[in-house]
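Novice: Structure in structure tokens, see below.
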Amino acid sequence: MKKFMFVSVLAVAAVSVSFGQAKPAPKAPTSVKCAVMTSESVNIAKATKEKMFADYKGRRYFFCCGGCPGAFKADPAKFAKGPSIPTPKAPKKKV
């Protein structure tokens with residue numbers, strides 16, 4: 001009986017410790033598939049710098065080439081189920 005109680009206390013202690021640890025935040029993706037040509041991977045930082053993206057209904061869609069933004073803008077609802085990330089919040093302006 002004493003062994004059972006001892007093992008039970010150890011088990012409870014182990015569970016308590018494991019629940020107290022915070023999980024690391026998920027890393028932001030560095031690439032995403034093109035919203036139009038979903039077989040093409042796009043570097044998010046490079047596409048952002050080159051303005052190869054469009055925002056639509058709270059999501060940001062990235063493009064692999066110059067032809068994709070026009071196709072997306074002509075019918076964004078058609079491509080809205082494609083790969084995207086949440087639209088980043090604009091940085092606060094300094095007064």
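Simple scheme: letters A, B, ... for chains in structure tokens order, numbers from 1 for residues in each chain, numbers from 1 for ligands in the order shown.
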Can you tell me which residues surround A:Pro83 at a distance of at most 12 Å, considering only C-alpha atoms, apart from same-chain residues fewer than 4 positions away, and format the answer as a PyMOL selection string?

Specialist: chain A and resi 29+31-42+44+53+59-63+79

Novice: Store the residues picked out above, limited to C-alpha atoms, as a compact mmCIF listing (two decimals), in the first residue's frame.

Specialist:
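Written out: selection24.txt:
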```txt
# COMPACT_ATOMS: atom_id res chain seq x y z
CA PRO A 29 6.66 30.91 -41.69
CA SER A 31 7.80 30.97 -47.16
CA VAL A 32 4.33 30.24 -48.47
CA LYS A 33 2.90 28.92 -51.72
CA CYS A 34 1.81 31.39 -54.40
CA ALA A 35 -1.91 32.12 -54.11
CA VAL A 36 -2.42 31.70 -57.87
CA MET A 37 0.24 29.16 -58.91
CA THR A 38 0.02 27.01 -55.77
CA SER A 39 2.92 24.81 -56.90
CA GLU A 40 5.39 27.71 -56.56
CA SER A 41 6.98 28.59 -53.21
CA VAL A 42 7.42 32.28 -52.35
CA ILE A 44 7.64 36.06 -47.67
CA PHE A 53 1.25 40.45 -52.36
CA ARG A 59 -5.46 37.65 -45.14
CA ARG A 60 -2.27 38.36 -47.12
CA TYR A 61 -1.69 36.42 -50.33
CA PHE A 62 1.74 36.23 -51.99
CA PHE A 63 2.67 35.84 -55.65
CA PHE A 79 -8.07 32.40 -54.94
```

Novice: To one decimal in Å, tell me the separation between atom CA of A:Thr87 and atom CA of A:Gly58.

Specialist: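 Separation between atom CA of A:Thr87 and atom CA of A:Gly58: 5.3 Å.
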
Novice: Just how far from atom CA of A:Ser84 is atom CA of A:Thr48, in Å to one decimal?

Specialist: 12.8 Å

Novice: In stretch 22-60 of chain A, what's strand (DSSP E or B) per DSSP? Answer as an MDAnalysis selection string?

Specialist: chainID A and resid 31:33 41:43 53:56 59:60

Novice: Taking N, CA and C atoms for each residue, export the selection above as an mmCIF file, in the first residue's frame.

Specialist:
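The result, stored in selection_31.cif:
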```
data_model
loop_
_atom_site.group_PDB
_atom_site.id
_atom_site.type_symbol
_atom_site.label_atom_id
_atom_site.label_comp_id
_atom_site.auth_asym_id
_atom_site.auth_seq_id
_atom_site.Cartn_x
_atom_site.Cartn_y
_atom_site.Cartn_z
ATOM 1 N N SER A 31 8.260 31.098 -45.783
ATOM 2 C CA SER A 31 7.798 30.969 -47.163
ATOM 3 C C SER A 31 6.368 30.447 -47.171
ATOM 4 N N VAL A 32 5.712 30.676 -48.284
ATOM 5 C CA VAL A 32 4.333 30.242 -48.473
ATOM 6 C C VAL A 32 4.144 29.979 -49.964
ATOM 7 N N LYS A 33 3.178 29.192 -50.307
ATOM 8 C CA LYS A 33 2.899 28.918 -51.721
ATOM 9 C C LYS A 33 2.216 30.127 -52.366
ATOM 10 N N SER A 41 6.712 28.084 -54.548
ATOM 11 C CA SER A 41 6.980 28.591 -53.209
ATOM 12 C C SER A 41 7.485 30.036 -53.309
ATOM 13 N N VAL A 42 7.067 30.862 -52.352
ATOM 14 C CA VAL A 42 7.417 32.282 -52.353
ATOM 15 C C VAL A 42 8.053 32.635 -51.014
ATOM 16 N N ASN A 43 9.203 33.318 -51.047
ATOM 17 C CA ASN A 43 9.849 33.811 -49.845
ATOM 18 C C ASN A 43 9.059 35.031 -49.368
ATOM 19 N N PHE A 53 2.279 41.010 -53.220
ATOM 20 C CA PHE A 53 1.248 40.449 -52.359
ATOM 21 C C PHE A 53 -0.010 41.282 -52.505
ATOM 22 N N ALA A 54 -1.103 40.732 -52.009
ATOM 23 C CA ALA A 54 -2.375 41.453 -51.945
ATOM 24 C C ALA A 54 -3.069 41.054 -50.659
ATOM 25 N N ASP A 55 -3.749 42.017 -50.049
ATOM 26 C CA ASP A 55 -4.530 41.753 -48.845
ATOM 27 C C ASP A 55 -5.999 41.636 -49.230
ATOM 28 N N TYR A 56 -6.644 40.633 -48.661
ATOM 29 C CA TYR A 56 -8.054 40.391 -48.981
ATOM 30 C C TYR A 56 -8.719 39.756 -47.771
ATOM 31 N N ARG A 59 -6.523 38.609 -44.810
ATOM 32 C CA ARG A 59 -5.458 37.651 -45.137
ATOM 33 C C ARG A 59 -4.523 38.285 -46.163
ATOM 34 N N ARG A 60 -3.259 37.881 -46.144
ATOM 35 C CA ARG A 60 -2.274 38.362 -47.122
ATOM 36 C C ARG A 60 -1.879 37.196 -48.013
#
```

Novice: Just the number, please: distance in Å from atom CA of A:Lys51 to atom CA of A:Cys68, one decimal.

Specialist: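 Atom-to-atom, atom CA of A:Lys51 and atom CA of A:Cys68 are spaced 12.2 Å apart.
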
Novice: May I ask which of the residues A:Cys65, A:Ile85, A:Ala80, A:Ala90 is the closest one to A:Ala28, counting only C-alpha atoms?

Specialist: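 For A:Ala28, the nearest of the candidates is A:Ile85.
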
Novice: Closest to A:Met52 among A:Thr30, A:Ala71, A:Lys89, A:Cys64, using only C-alpha atoms?

Specialist: A:Cys64
